[in-house]
file final.csv (CSV, N, CA and C atoms)
chain,number,residue,atom,x,y,z
P,514,MET,N,0.8,-1.2,0.0
P,514,MET,CA,0.0,0.0,0.0
P,514,MET,C,0.9,1.2,0.0
P,515,GLU,N,2.0,1.1,0.7
P,515,GLU,CA,2.9,2.3,0.8
P,515,GLU,C,3.5,2.6,-0.6
P,516,ASN,N,3.8,1.6,-1.4
P,516,ASN,CA,4.3,1.9,-2.7
P,516,ASN,C,3.2,2.6,-3.6
P,517,ASP,N,2.0,2.2,-3.4
P,517,ASP,CA,0.9,2.9,-4.2
P,517,ASP,C,0.8,4.4,-3.8
P,518,SER,N,1.0,4.7,-2.6
P,518,SER,CA,0.9,6.2,-2.2
P,518,SER,C,2.1,6.9,-2.7
P,519,LYS,N,3.3,6.3,-2.7
P,519,LYS,CA,4.5,6.9,-3.2
P,519,LYS,C,4.3,7.1,-4.7
P,520,LEU,N,3.8,6.2,-5.4
P,520,LEU,CA,3.6,6.2,-6.8
P,520,LEU,C,2.6,7.3,-7.1
P,521,SER,N,1.6,7.4,-6.3
P,521,SER,CA,0.5,8.4,-6.6
P,521,SER,C,1.1,9.8,-6.3
P,522,VAL,N,1.9,10.0,-5.3
P,522,VAL,CA,2.5,11.3,-5.0
P,522,VAL,C,3.5,11.7,-6.1
P,523,ASN,N,4.3,10.7,-6.6
P,523,ASN,CA,5.2,11.0,-7.7
P,523,ASN,C,4.4,11.4,-8.9
P,524,ASN,N,3.3,10.7,-9.2
P,524,ASN,CA,2.5,11.1,-10.4
P,524,ASN,C,1.9,12.5,-10.3
P,525,MET,N,1.5,12.8,-9.0
P,525,MET,CA,1.0,14.2,-8.8
P,525,MET,C,2.0,15.2,-9.0
P,526,VAL,N,3.2,14.9,-8.5
P,526,VAL,CA,4.4,15.9,-8.6
P,526,VAL,C,4.7,16.0,-10.1
P,527,GLU,N,4.8,15.0,-10.8
P,527,GLU,CA,5.1,15.0,-12.3
P,527,GLU,C,4.0,15.8,-13.0
P,528,LEU,N,2.8,15.6,-12.7
P,528,LEU,CA,1.7,16.3,-13.3
P,528,LEU,C,1.8,17.8,-13.0
P,529,ALA,N,2.0,18.1,-11.8
P,529,ALA,CA,2.1,19.5,-11.4
P,529,ALA,C,3.3,20.2,-12.1
P,530,MET,N,4.4,19.5,-12.2
P,530,MET,CA,5.6,20.1,-12.9
P,530,MET,C,5.3,20.2,-14.4
P,531,GLY,N,4.6,19.3,-15.0
P,531,GLY,CA,4.2,19.3,-16.4
P,531,GLY,C,3.3,20.5,-16.7
P,532,LEU,N,2.3,20.7,-15.8
P,532,LEU,CA,1.3,21.8,-16.0
P,532,LEU,C,2.1,23.1,-15.8
P,533,SER,N,3.0,23.2,-14.9
P,533,SER,CA,3.7,24.4,-14.6
P,533,SER,C,4.6,24.8,-15.9
P,534,MET,N,5.2,23.8,-16.4
P,534,MET,CA,6.1,24.0,-17.6
P,534,MET,C,5.2,24.4,-18.8
P,535,ALA,N,4.1,23.8,-18.9
P,535,ALA,CA,3.2,24.1,-20.0
P,535,ALA,C,2.7,25.6,-19.9
P,536,SER,N,2.4,26.0,-18.7
P,536,SER,CA,2.0,27.4,-18.5
P,536,SER,C,3.1,28.3,-18.8
P,537,LEU,N,4.3,28.0,-18.4
P,537,LEU,CA,5.5,28.9,-18.7
P,537,LEU,C,5.7,28.9,-20.2
P,538,PHE,N,5.6,27.8,-20.9
P,538,PHE,CA,5.8,27.8,-22.3
P,538,PHE,C,4.7,28.6,-23.1
P,539,ALA,N,3.5,28.5,-22.6
P,539,ALA,CA,2.4,29.2,-23.2
P,539,ALA,C,2.6,30.7,-23.0
P,540,ASN,N,3.1,31.1,-21.9
P,540,ASN,CA,3.3,32.6,-21.6
P,540,ASN,C,4.5,33.1,-22.5
P,541,ALA,N,5.5,32.3,-22.6
P,541,ALA,CA,6.7,32.6,-23.5
P,541,ALA,C,6.2,32.8,-24.9
P,542,MET,N,5.4,31.9,-25.4
P,542,MET,CA,4.9,32.0,-26.8
P,542,MET,C,4.0,33.2,-27.0
P,543,ASN,N,3.2,33.5,-26.0
P,543,ASN,CA,2.3,34.7,-26.1
P,543,ASN,C,3.2,36.0,-26.1
P,544,ASP,N,4.2,36.1,-25.2
P,544,ASP,CA,5.1,37.2,-25.2
P,544,ASP,C,5.8,37.4,-26.5
P,545,THR,N,6.3,36.3,-27.1
P,545,THR,CA,7.0,36.3,-28.4
P,545,THR,C,6.0,36.9,-29.5
P,546,TYR,N,4.8,36.4,-29.5
P,546,TYR,CA,3.8,36.8,-30.5
P,546,TYR,C,3.5,38.3,-30.3
P,547,ARG,N,3.3,38.8,-29.1
P,547,ARG,CA,3.0,40.2,-28.8
P,547,ARG,C,4.2,41.1,-29.3
P,548,ASN,N,5.4,40.7,-29.0
P,548,ASN,CA,6.6,41.5,-29.4
P,548,ASN,C,6.8,41.5,-30.9
P,549,THR,N,6.5,40.4,-31.5
P,549,THR,CA,6.6,40.3,-33.0
P,549,THR,C,5.5,41.1,-33.7
P,550,ALA,N,4.3,41.0,-33.2
P,550,ALA,CA,3.2,41.7,-33.8
P,550,ALA,C,3.4,43.2,-33.8
P,551,ARG,N,4.1,43.7,-32.8
P,551,ARG,CA,4.3,45.1,-32.8
P,551,ARG,C,5.2,45.6,-33.9
P,552,LEU,N,6.1,44.7,-34.4
P,552,LEU,CA,7.0,45.0,-35.4
P,552,LEU,C,6.4,45.0,-36.8
P,553,VAL,N,5.3,44.4,-37.0
P,553,VAL,CA,4.6,44.3,-38.3
P,553,VAL,C,3.4,45.1,-38.2
P,554,HIS,N,3.2,46.0,-39.1
P,554,HIS,CA,2.0,46.9,-39.2
P,554,HIS,C,1.0,46.2,-40.1
P,555,ASN,N,-0.3,46.4,-39.8
P,555,ASN,CA,-1.3,45.8,-40.6
P,555,ASN,C,-1.3,46.3,-42.0
P,556,ASP,N,-0.9,47.6,-42.3
P,556,ASP,CA,-0.9,48.1,-43.6
P,556,ASP,C,0.2,47.4,-44.4
P,557,GLN,N,1.2,46.9,-43.8
P,557,GLN,CA,2.3,46.1,-44.5
P,557,GLN,C,1.7,44.7,-44.9
P,558,LEU,N,0.9,44.2,-44.1
P,558,LEU,CA,0.3,42.9,-44.4
P,558,LEU,C,-0.7,42.9,-45.5
P,559,ALA,N,-1.4,44.1,-45.6
P,559,ALA,CA,-2.4,44.2,-46.6
P,559,ALA,C,-1.9,44.8,-47.9
P,560,ALA,N,-0.7,45.3,-47.9
P,560,ALA,CA,-0.2,46.0,-49.1
P,560,ALA,C,0.2,44.9,-50.2
P,561,PRO,N,-0.1,45.1,-51.4
P,561,PRO,CA,0.3,44.2,-52.5
P,561,PRO,C,1.9,44.2,-52.6
P,562,PRO,N,2.4,43.1,-53.1
P,562,PRO,CA,3.9,43.1,-53.2
P,562,PRO,C,4.4,44.0,-54.3
P,563,LYS,N,5.5,44.7,-54.1
P,563,LYS,CA,6.1,45.5,-55.1
P,563,LYS,C,7.3,44.8,-55.7
P,564,TYR,N,7.3,44.5,-56.9
P,564,TYR,CA,8.4,43.7,-57.5
P,564,TYR,C,8.7,44.0,-59.0
P,565,ILE,N,8.0,44.9,-59.5
P,565,ILE,CA,8.2,45.2,-61.0
P,565,ILE,C,8.9,46.6,-61.1
P,566,HIS,N,10.0,46.5,-61.9
P,566,HIS,CA,10.8,47.7,-62.2
P,566,HIS,C,10.5,48.2,-63.6
P,567,ALA,N,10.6,49.5,-63.9
P,567,ALA,CA,10.3,50.0,-65.2
P,567,ALA,C,11.3,51.1,-65.5
P,568,ILE,N,11.5,51.3,-66.8
P,568,ILE,CA,12.4,52.5,-67.2
P,568,ILE,C,11.4,53.5,-67.7
P,569,VAL,N,11.3,54.6,-66.8
P,569,VAL,CA,10.3,55.7,-67.1
P,569,VAL,C,11.1,57.0,-67.2
P,570,GLY,N,10.9,57.7,-68.2
P,570,GLY,CA,11.6,58.9,-68.4
P,570,GLY,C,13.1,58.7,-68.5
P,571,GLY,N,13.5,57.6,-69.0
P,571,GLY,CA,15.0,57.3,-69.2
P,571,GLY,C,15.7,56.8,-67.9
P,572,GLN,N,14.9,56.6,-66.8
P,572,GLN,CA,15.5,56.2,-65.6
P,572,GLN,C,14.8,54.9,-65.1
P,573,GLN,N,15.6,54.1,-64.4
P,573,GLN,CA,15.1,52.9,-63.8
P,573,GLN,C,14.3,53.3,-62.6
P,574,LYS,N,13.0,52.9,-62.5
P,574,LYS,CA,12.1,53.2,-61.4
P,574,LYS,C,11.5,51.9,-60.8
P,575,GLY,N,11.1,52.0,-59.6
P,575,GLY,CA,10.4,50.9,-58.9
P,575,GLY,C,11.1,50.5,-57.7
P,576,PRO,N,10.7,49.4,-57.1
P,576,PRO,CA,9.7,48.5,-57.6
P,576,PRO,C,8.3,49.0,-57.4
P,577,TYR,N,7.4,48.5,-58.3
P,577,TYR,CA,6.0,48.9,-58.3
P,577,TYR,C,5.2,47.6,-58.1
P,578,SER,N,4.0,47.8,-57.6
P,578,SER,CA,3.0,46.7,-57.5
P,578,SER,C,2.3,46.6,-58.8
P,579,LEU,N,1.6,45.5,-59.1
P,579,LEU,CA,0.8,45.4,-60.4
P,579,LEU,C,-0.3,46.5,-60.4
P,580,GLY,N,-0.9,46.8,-59.3
P,580,GLY,CA,-1.9,47.9,-59.3
P,580,GLY,C,-1.3,49.2,-59.6
P,581,GLU,N,-0.1,49.5,-59.1
P,581,GLU,CA,0.6,50.8,-59.5
P,581,GLU,C,0.9,50.8,-60.9
P,582,ILE,N,1.3,49.7,-61.5
P,582,ILE,CA,1.6,49.6,-62.9
P,582,ILE,C,0.3,50.0,-63.7
P,583,SER,N,-0.8,49.4,-63.3
P,583,SER,CA,-2.1,49.7,-64.0
P,583,SER,C,-2.4,51.1,-64.0
P,584,VAL,N,-2.2,51.8,-62.9
P,584,VAL,CA,-2.5,53.2,-62.8
P,584,VAL,C,-1.5,54.0,-63.7
P,585,MET,N,-0.3,53.6,-63.7
P,585,MET,CA,0.7,54.3,-64.6
P,585,MET,C,0.4,54.1,-66.1
P,586,VAL,N,-0.2,52.9,-66.4
P,586,VAL,CA,-0.6,52.7,-67.8
P,586,VAL,C,-1.8,53.6,-68.1
P,587,GLN,N,-2.7,53.7,-67.2
P,587,GLN,CA,-3.9,54.6,-67.5
P,587,GLN,C,-3.4,56.1,-67.6
P,588,ALA,N,-2.4,56.5,-66.9
P,588,ALA,CA,-1.9,57.8,-66.9
P,588,ALA,C,-1.0,58.1,-68.2
P,589,GLY,N,-0.6,57.0,-68.8
P,589,GLY,CA,0.2,57.1,-70.0
P,589,GLY,C,1.7,57.1,-69.7
P,590,ASP,N,2.0,56.9,-68.4
P,590,ASP,CA,3.5,56.9,-68.1
P,590,ASP,C,4.1,55.6,-68.5
P,591,ILE,N,3.4,54.5,-68.7
P,591,ILE,CA,3.9,53.2,-69.1
P,591,ILE,C,3.1,52.9,-70.4
P,592,THR,N,3.8,52.6,-71.4
P,592,THR,CA,3.2,52.2,-72.7
P,592,THR,C,3.6,50.7,-73.0
P,593,PRO,N,3.1,50.1,-74.1
P,593,PRO,CA,3.5,48.8,-74.4
P,593,PRO,C,5.0,48.6,-74.7
P,594,ASP,N,5.6,49.7,-75.1
P,594,ASP,CA,7.0,49.7,-75.4
P,594,ASP,C,8.0,50.0,-74.3
P,595,THR,N,7.4,50.3,-73.1
P,595,THR,CA,8.2,50.6,-71.9
P,595,THR,C,9.0,49.3,-71.5
P,596,PHE,N,10.3,49.4,-71.2
P,596,PHE,CA,11.0,48.3,-70.8
P,596,PHE,C,10.8,48.1,-69.3
P,597,MET,N,10.6,46.8,-69.0
P,597,MET,CA,10.3,46.4,-67.6
P,597,MET,C,11.1,45.2,-67.2
P,598,TRP,N,11.2,45.0,-65.9
P,598,TRP,CA,11.9,43.8,-65.4
P,598,TRP,C,11.2,43.4,-64.1
P,599,LYS,N,11.2,42.1,-63.8
P,599,LYS,CA,10.7,41.6,-62.5
P,599,LYS,C,11.5,40.4,-62.2
P,600,PRO,N,11.6,40.0,-60.9
P,600,PRO,CA,12.4,38.8,-60.5
P,600,PRO,C,12.0,37.6,-61.4
P,601,GLY,N,13.0,36.8,-61.8
P,601,GLY,CA,12.7,35.6,-62.6
P,601,GLY,C,13.0,35.9,-64.1
P,602,MET,N,13.0,37.1,-64.5
P,602,MET,CA,13.3,37.4,-65.9
P,602,MET,C,14.8,37.6,-66.1
P,603,PRO,N,15.4,37.0,-67.1
P,603,PRO,CA,16.8,37.1,-67.3
P,603,PRO,C,17.2,38.5,-67.8
P,604,GLU,N,16.3,39.2,-68.4
P,604,GLU,CA,16.6,40.5,-69.0
P,604,GLU,C,15.4,41.4,-69.1
P,605,TRP,N,15.6,42.7,-69.4
P,605,TRP,CA,14.5,43.6,-69.5
P,605,TRP,C,13.7,43.3,-70.8
P,606,LYS,N,12.4,43.4,-70.7
P,606,LYS,CA,11.5,43.2,-71.8
P,606,LYS,C,10.5,44.4,-72.0
P,607,LYS,N,9.9,44.5,-73.1
P,607,LYS,CA,8.9,45.5,-73.3
P,607,LYS,C,7.6,45.0,-72.5
P,608,ALA,N,6.9,46.0,-72.0
P,608,ALA,CA,5.7,45.7,-71.2
P,608,ALA,C,4.7,44.8,-71.9
P,609,ASN,N,4.5,44.9,-73.2
P,609,ASN,CA,3.5,44.1,-73.9
P,609,ASN,C,4.0,42.7,-74.1
P,610,GLU,N,5.3,42.4,-73.7
P,610,GLU,CA,5.8,41.0,-73.8
P,610,GLU,C,5.8,40.3,-72.5
P,611,ILE,N,5.3,40.9,-71.4
P,611,ILE,CA,5.3,40.4,-70.1
P,611,ILE,C,3.9,39.9,-69.8
P,612,THR,N,3.7,38.6,-69.5
P,612,THR,CA,2.3,38.0,-69.5
P,612,THR,C,1.4,38.7,-68.4
P,613,ASP,N,1.9,39.0,-67.2
P,613,ASP,CA,1.0,39.6,-66.3
P,613,ASP,C,0.8,41.1,-66.4
P,614,ILE,N,1.5,41.7,-67.3
P,614,ILE,CA,1.4,43.2,-67.5
P,614,ILE,C,0.7,43.5,-68.8
P,615,SER,N,0.9,42.7,-69.9
P,615,SER,CA,0.3,43.0,-71.2
P,615,SER,C,-1.2,43.0,-71.1
P,616,PRO,N,-2.0,42.3,-70.3
P,616,PRO,CA,-3.4,42.4,-70.3
P,616,PRO,C,-3.9,43.8,-69.8
P,617,THR,N,-3.0,44.5,-69.1
P,617,THR,CA,-3.4,45.8,-68.6
P,617,THR,C,-3.6,46.8,-69.8
P,618,PHE,N,-2.9,46.6,-70.9
P,618,PHE,CA,-3.1,47.5,-72.0
P,618,PHE,C,-4.5,47.2,-72.7
P,619,ASP,N,-5.0,46.0,-72.6
P,619,ASP,CA,-6.2,45.6,-73.3
P,619,ASP,C,-7.4,46.2,-72.6
P,620,ILE,N,-7.3,46.6,-71.4
P,620,ILE,CA,-8.5,47.1,-70.6
P,620,ILE,C,-8.6,48.6,-70.7
P,621,GLN,N,-7.6,49.3,-71.3
P,621,GLN,CA,-7.6,50.7,-71.4
P,621,GLN,C,-8.5,51.2,-72.6
P,622,PRO,N,-9.2,52.2,-72.4
P,622,PRO,CA,-10.1,52.7,-73.5
P,622,PRO,C,-9.1,53.3,-74.6
P,623,PRO,N,-9.6,53.4,-75.8
P,623,PRO,CA,-8.7,54.0,-76.8
P,623,PRO,C,-8.6,55.5,-76.6
P,624,ARG,N,-7.7,56.1,-77.3
P,624,ARG,CA,-7.5,57.5,-77.2
P,624,ARG,C,-8.7,58.2,-77.6
P,625,LEU,N,-8.9,59.4,-77.1
P,625,LEU,CA,-10.1,60.2,-77.5
P,625,LEU,C,-9.9,60.6,-79.0
P,626,PRO,N,-11.0,60.6,-79.7
P,626,PRO,CA,-10.9,61.0,-81.1
P,626,PRO,C,-10.6,62.5,-81.2
P,627,ASN,N,-9.9,62.9,-82.3
P,627,ASN,CA,-9.5,64.3,-82.5
P,627,ASN,C,-10.8,64.9,-83.1
P,628,GLU,N,-11.1,66.1,-82.7
P,628,GLU,CA,-12.2,66.8,-83.2
P,628,GLU,C,-11.8,67.8,-84.2

call {"tool": "encode", "arguments": {"input": "final.csv", "output": "structure tokens"}}
result
Amino acid sequence: MENDSKLSVNNMVELAMGLSMASLFANAMNDTYRNTARLVHNDQLAAPPKYIHAIVGGQQKGPYSLGEISVMVQAGDITPDTFMWKPGMPEWKKANEITDISPTFDIQPPRLPNE
């Protein structure tokens, strides 16, 4: 009977130590999350990636997001002949040769007619 009570006490001590360590681990993880979350702003998480470079006005500009490129196309700053580069491309290419940029030109309305 004495062995059973020692075993039971040992089991309770092990359980208490395990719960204590689990609590310490959970607190450490929460502290790490809180400290890391302060370093990352929500606007950075929501912002589209900027990875496209363009030669505009004779100078290399960028990086731009795909949305920014679309706005620049609408403004006429980027044309189908504008040279662009993005990661994974071995060399600069004209905008109308880049698969994810060339459709941007198709959604633009034509120039206004001359009166």

call {"tool": "residues_around", "arguments": {"input": "final.csv", "residues": "segment 571-585 of chain P", "least_positions_apart": "4", "cutoff": "8 Å", "atoms": "all atoms listed in the file", "output": "PyMOL selection string"}}
result
chain P and resi 561-567+589-592+613-614+617-618

call {"tool": "select_by_dssp", "arguments": {"input": "final.csv", "residues": "chain P", "states": "strand (DSSP E or B)", "output": "list in words"}}
result
Ile565, His566, Ala567, Ile568, Val569, Gln572, Gln573, Lys574, Gly575, Pro576, Tyr577, Phe596, Met597, Trp598, Lys606 and Lys607 of chain P

call {"tool": "atom_distance", "arguments": {"input": "final.csv", "atom1": "atom C of Asp594 of chain P", "atom2": "atom CA of Asn609 of chain P"}}
result
7.4 Å

call {"tool": "atom_distance", "arguments": {"input": "final.csv", "atom1": "atom CA of Thr545 of chain P", "atom2": "atom CA of Val526 of chain P"}}
result
28.5 Å

call {"tool": "closest_residue", "arguments": {"input": "final.csv", "among": "P:Asp544, P:Glu527, P:Asp619, P:Glu610", "to": "Gln587 of chain P", "atoms": "only C-alpha atoms"}}
result
P:Asp619

call {"tool": "atom_distance", "arguments": {"input": "final.csv", "atom1": "atom N of Ala541 of chain P", "atom2": "atom C of Ala529 of chain P"}}
result
16.2 Å

call {"tool": "closest_residue", "arguments": {"input": "final.csv", "among": "P:Met525, P:Ala608, P:Phe538, P:Ala560", "to": "Phe596 of chain P", "atoms": "only N, CA and C atoms"}}
result
P:Ala608

call {"tool": "select_by_dssp", "arguments": {"input": "final.csv", "residues": "segment 560-622 of chain P", "states": "alpha helix (DSSP H)", "output": "list of chain:residue names"}}
result
P:Leu579, P:Gly580, P:Glu581, P:Ile582, P:Ser583, P:Val584, P:Met585, P:Val586, P:Gln587, P:Ala588, P:Pro616, P:Thr617, P:Phe618, P:Asp619

call {"tool": "write_last_selection", "arguments": {"input": "final.csv", "atoms": "N, CA and C atoms", "output": "mmCIF file, keeping the file's coordinate frame"}}
result
data_model
loop_
_atom_site.group_PDB
_atom_site.id
_atom_site.type_symbol
_atom_site.label_atom_id
_atom_site.label_comp_id
_atom_site.auth_asym_id
_atom_site.auth_seq_id
_atom_site.Cartn_x
_atom_site.Cartn_y
_atom_site.Cartn_z
ATOM 1 N N LEU P 579 1.600 45.500 -59.100
ATOM 2 C CA LEU P 579 0.800 45.400 -60.400
ATOM 3 C C LEU P 579 -0.300 46.500 -60.400
ATOM 4 N N GLY P 580 -0.900 46.800 -59.300
ATOM 5 C CA GLY P 580 -1.900 47.900 -59.300
ATOM 6 C C GLY P 580 -1.300 49.200 -59.600
ATOM 7 N N GLU P 581 -0.100 49.500 -59.100
ATOM 8 C CA GLU P 581 0.600 50.800 -59.500
ATOM 9 C C GLU P 581 0.900 50.800 -60.900
ATOM 10 N N ILE P 582 1.300 49.700 -61.500
ATOM 11 C CA ILE P 582 1.600 49.600 -62.900
ATOM 12 C C ILE P 582 0.300 50.000 -63.700
ATOM 13 N N SER P 583 -0.800 49.400 -63.300
ATOM 14 C CA SER P 583 -2.100 49.700 -64.000
ATOM 15 C C SER P 583 -2.400 51.100 -64.000
ATOM 16 N N VAL P 584 -2.200 51.800 -62.900
ATOM 17 C CA VAL P 584 -2.500 53.200 -62.800
ATOM 18 C C VAL P 584 -1.500 54.000 -63.700
ATOM 19 N N MET P 585 -0.300 53.600 -63.700
ATOM 20 C CA MET P 585 0.700 54.300 -64.600
ATOM 21 C C MET P 585 0.400 54.100 -66.100
ATOM 22 N N VAL P 586 -0.200 52.900 -66.400
ATOM 23 C CA VAL P 586 -0.600 52.700 -67.800
ATOM 24 C C VAL P 586 -1.800 53.600 -68.100
ATOM 25 N N GLN P 587 -2.700 53.700 -67.200
ATOM 26 C CA GLN P 587 -3.900 54.600 -67.500
ATOM 27 C C GLN P 587 -3.400 56.100 -67.600
ATOM 28 N N ALA P 588 -2.400 56.500 -66.900
ATOM 29 C CA ALA P 588 -1.900 57.800 -66.900
ATOM 30 C C ALA P 588 -1.000 58.100 -68.200
ATOM 31 N N PRO P 616 -2.000 42.300 -70.300
ATOM 32 C CA PRO P 616 -3.400 42.400 -70.300
ATOM 33 C C PRO P 616 -3.900 43.800 -69.800
ATOM 34 N N THR P 617 -3.000 44.500 -69.100
ATOM 35 C CA THR P 617 -3.400 45.800 -68.600
ATOM 36 C C THR P 617 -3.600 46.800 -69.800
ATOM 37 N N PHE P 618 -2.900 46.600 -70.900
ATOM 38 C CA PHE P 618 -3.100 47.500 -72.000
ATOM 39 C C PHE P 618 -4.500 47.200 -72.700
ATOM 40 N N ASP P 619 -5.000 46.000 -72.600
ATOM 41 C CA ASP P 619 -6.200 45.600 -73.300
ATOM 42 C C ASP P 619 -7.400 46.200 -72.600
#

call {"tool": "closest_residue", "arguments": {"input": "final.csv", "among": "P:Met602, P:Val522, P:Met542, P:Val586", "to": "Ile620 of chain P", "atoms": "only C-alpha atoms"}}
result
P:Val586

call {"tool": "build_atoms", "arguments": {"input": "final.csv", "residues": "segment 569-577 of chain P", "atoms": "all heavy atoms", "output": "PDB file, in the frame of the given file"}}
result
ATOM      1  N   VAL P 569      11.300  54.600 -66.800  1.00  0.00           N
ATOM      2  CA  VAL P 569      10.300  55.700 -67.100  1.00  0.00           C
ATOM      3  C   VAL P 569      11.100  57.000 -67.200  1.00  0.00           C
ATOM      4  O   VAL P 569      11.927  57.258 -66.263  1.00  0.00           O
ATOM      5  CB  VAL P 569       9.294  55.748 -65.914  1.00  0.00           C
ATOM      6  CG1 VAL P 569       8.327  56.897 -66.150  1.00  0.00           C
ATOM      7  CG2 VAL P 569       8.547  54.439 -65.756  1.00  0.00           C
ATOM      8  N   GLY P 570      10.900  57.700 -68.200  1.00  0.00           N
ATOM      9  CA  GLY P 570      11.600  58.900 -68.400  1.00  0.00           C
ATOM     10  C   GLY P 570      13.100  58.700 -68.500  1.00  0.00           C
ATOM     11  O   GLY P 570      13.913  59.571 -68.082  1.00  0.00           O
ATOM     12  N   GLY P 571      13.500  57.600 -69.000  1.00  0.00           N
ATOM     13  CA  GLY P 571      15.000  57.300 -69.200  1.00  0.00           C
ATOM     14  C   GLY P 571      15.700  56.800 -67.900  1.00  0.00           C
ATOM     15  O   GLY P 571      16.870  56.629 -67.942  1.00  0.00           O
ATOM     16  N   GLN P 572      14.900  56.600 -66.800  1.00  0.00           N
ATOM     17  CA  GLN P 572      15.500  56.200 -65.600  1.00  0.00           C
ATOM     18  C   GLN P 572      14.800  54.900 -65.100  1.00  0.00           C
ATOM     19  O   GLN P 572      13.621  54.785 -65.226  1.00  0.00           O
ATOM     20  CB  GLN P 572      15.425  57.298 -64.539  1.00  0.00           C
ATOM     21  CG  GLN P 572      16.223  58.524 -64.874  1.00  0.00           C
ATOM     22  CD  GLN P 572      16.170  59.533 -63.726  1.00  0.00           C
ATOM     23  OE1 GLN P 572      15.391  59.392 -62.777  1.00  0.00           O
ATOM     24  NE2 GLN P 572      16.999  60.555 -63.805  1.00  0.00           N
ATOM     25  N   GLN P 573      15.600  54.100 -64.400  1.00  0.00           N
ATOM     26  CA  GLN P 573      15.100  52.900 -63.800  1.00  0.00           C
ATOM     27  C   GLN P 573      14.300  53.300 -62.600  1.00  0.00           C
ATOM     28  O   GLN P 573      14.757  54.079 -61.711  1.00  0.00           O
ATOM     29  CB  GLN P 573      16.173  51.956 -63.383  1.00  0.00           C
ATOM     30  CG  GLN P 573      15.649  50.714 -62.710  1.00  0.00           C
ATOM     31  CD  GLN P 573      16.759  49.759 -62.297  1.00  0.00           C
ATOM     32  OE1 GLN P 573      17.825  49.759 -62.880  1.00  0.00           O
ATOM     33  NE2 GLN P 573      16.491  48.968 -61.277  1.00  0.00           N
ATOM     34  N   LYS P 574      13.000  52.900 -62.500  1.00  0.00           N
ATOM     35  CA  LYS P 574      12.100  53.200 -61.400  1.00  0.00           C
ATOM     36  C   LYS P 574      11.500  51.900 -60.800  1.00  0.00           C
ATOM     37  O   LYS P 574      11.464  50.927 -61.455  1.00  0.00           O
ATOM     38  CB  LYS P 574      10.977  54.120 -61.827  1.00  0.00           C
ATOM     39  CG  LYS P 574      11.382  55.392 -62.516  1.00  0.00           C
ATOM     40  CD  LYS P 574      11.782  56.438 -61.525  1.00  0.00           C
ATOM     41  CE  LYS P 574      12.103  57.726 -62.268  1.00  0.00           C
ATOM     42  NZ  LYS P 574      12.025  58.876 -61.465  1.00  0.00           N
ATOM     43  N   GLY P 575      11.100  52.000 -59.600  1.00  0.00           N
ATOM     44  CA  GLY P 575      10.400  50.900 -58.900  1.00  0.00           C
ATOM     45  C   GLY P 575      11.100  50.500 -57.700  1.00  0.00           C
ATOM     46  O   GLY P 575      12.057  51.147 -57.230  1.00  0.00           O
ATOM     47  N   PRO P 576      10.700  49.400 -57.100  1.00  0.00           N
ATOM     48  CA  PRO P 576       9.700  48.500 -57.600  1.00  0.00           C
ATOM     49  C   PRO P 576       8.300  49.000 -57.400  1.00  0.00           C
ATOM     50  O   PRO P 576       7.995  49.807 -56.514  1.00  0.00           O
ATOM     51  CB  PRO P 576       9.939  47.241 -56.736  1.00  0.00           C
ATOM     52  CG  PRO P 576      10.476  47.768 -55.440  1.00  0.00           C
ATOM     53  CD  PRO P 576      11.261  49.010 -55.792  1.00  0.00           C
ATOM     54  N   TYR P 577       7.400  48.500 -58.300  1.00  0.00           N
ATOM     55  CA  TYR P 577       6.000  48.900 -58.300  1.00  0.00           C
ATOM     56  C   TYR P 577       5.200  47.600 -58.100  1.00  0.00           C
ATOM     57  O   TYR P 577       5.583  46.509 -58.467  1.00  0.00           O
ATOM     58  CB  TYR P 577       5.560  49.505 -59.583  1.00  0.00           C
ATOM     59  CG  TYR P 577       6.262  50.799 -59.908  1.00  0.00           C
ATOM     60  CD1 TYR P 577       7.187  50.867 -60.936  1.00  0.00           C
ATOM     61  CD2 TYR P 577       5.985  51.959 -59.197  1.00  0.00           C
ATOM     62  CE1 TYR P 577       7.818  52.060 -61.251  1.00  0.00           C
ATOM     63  CE2 TYR P 577       6.613  53.158 -59.503  1.00  0.00           C
ATOM     64  CZ  TYR P 577       7.540  53.202 -60.535  1.00  0.00           C
ATOM     65  OH  TYR P 577       8.163  54.377 -60.836  1.00  0.00           O
TER      66      TYR P 577
END
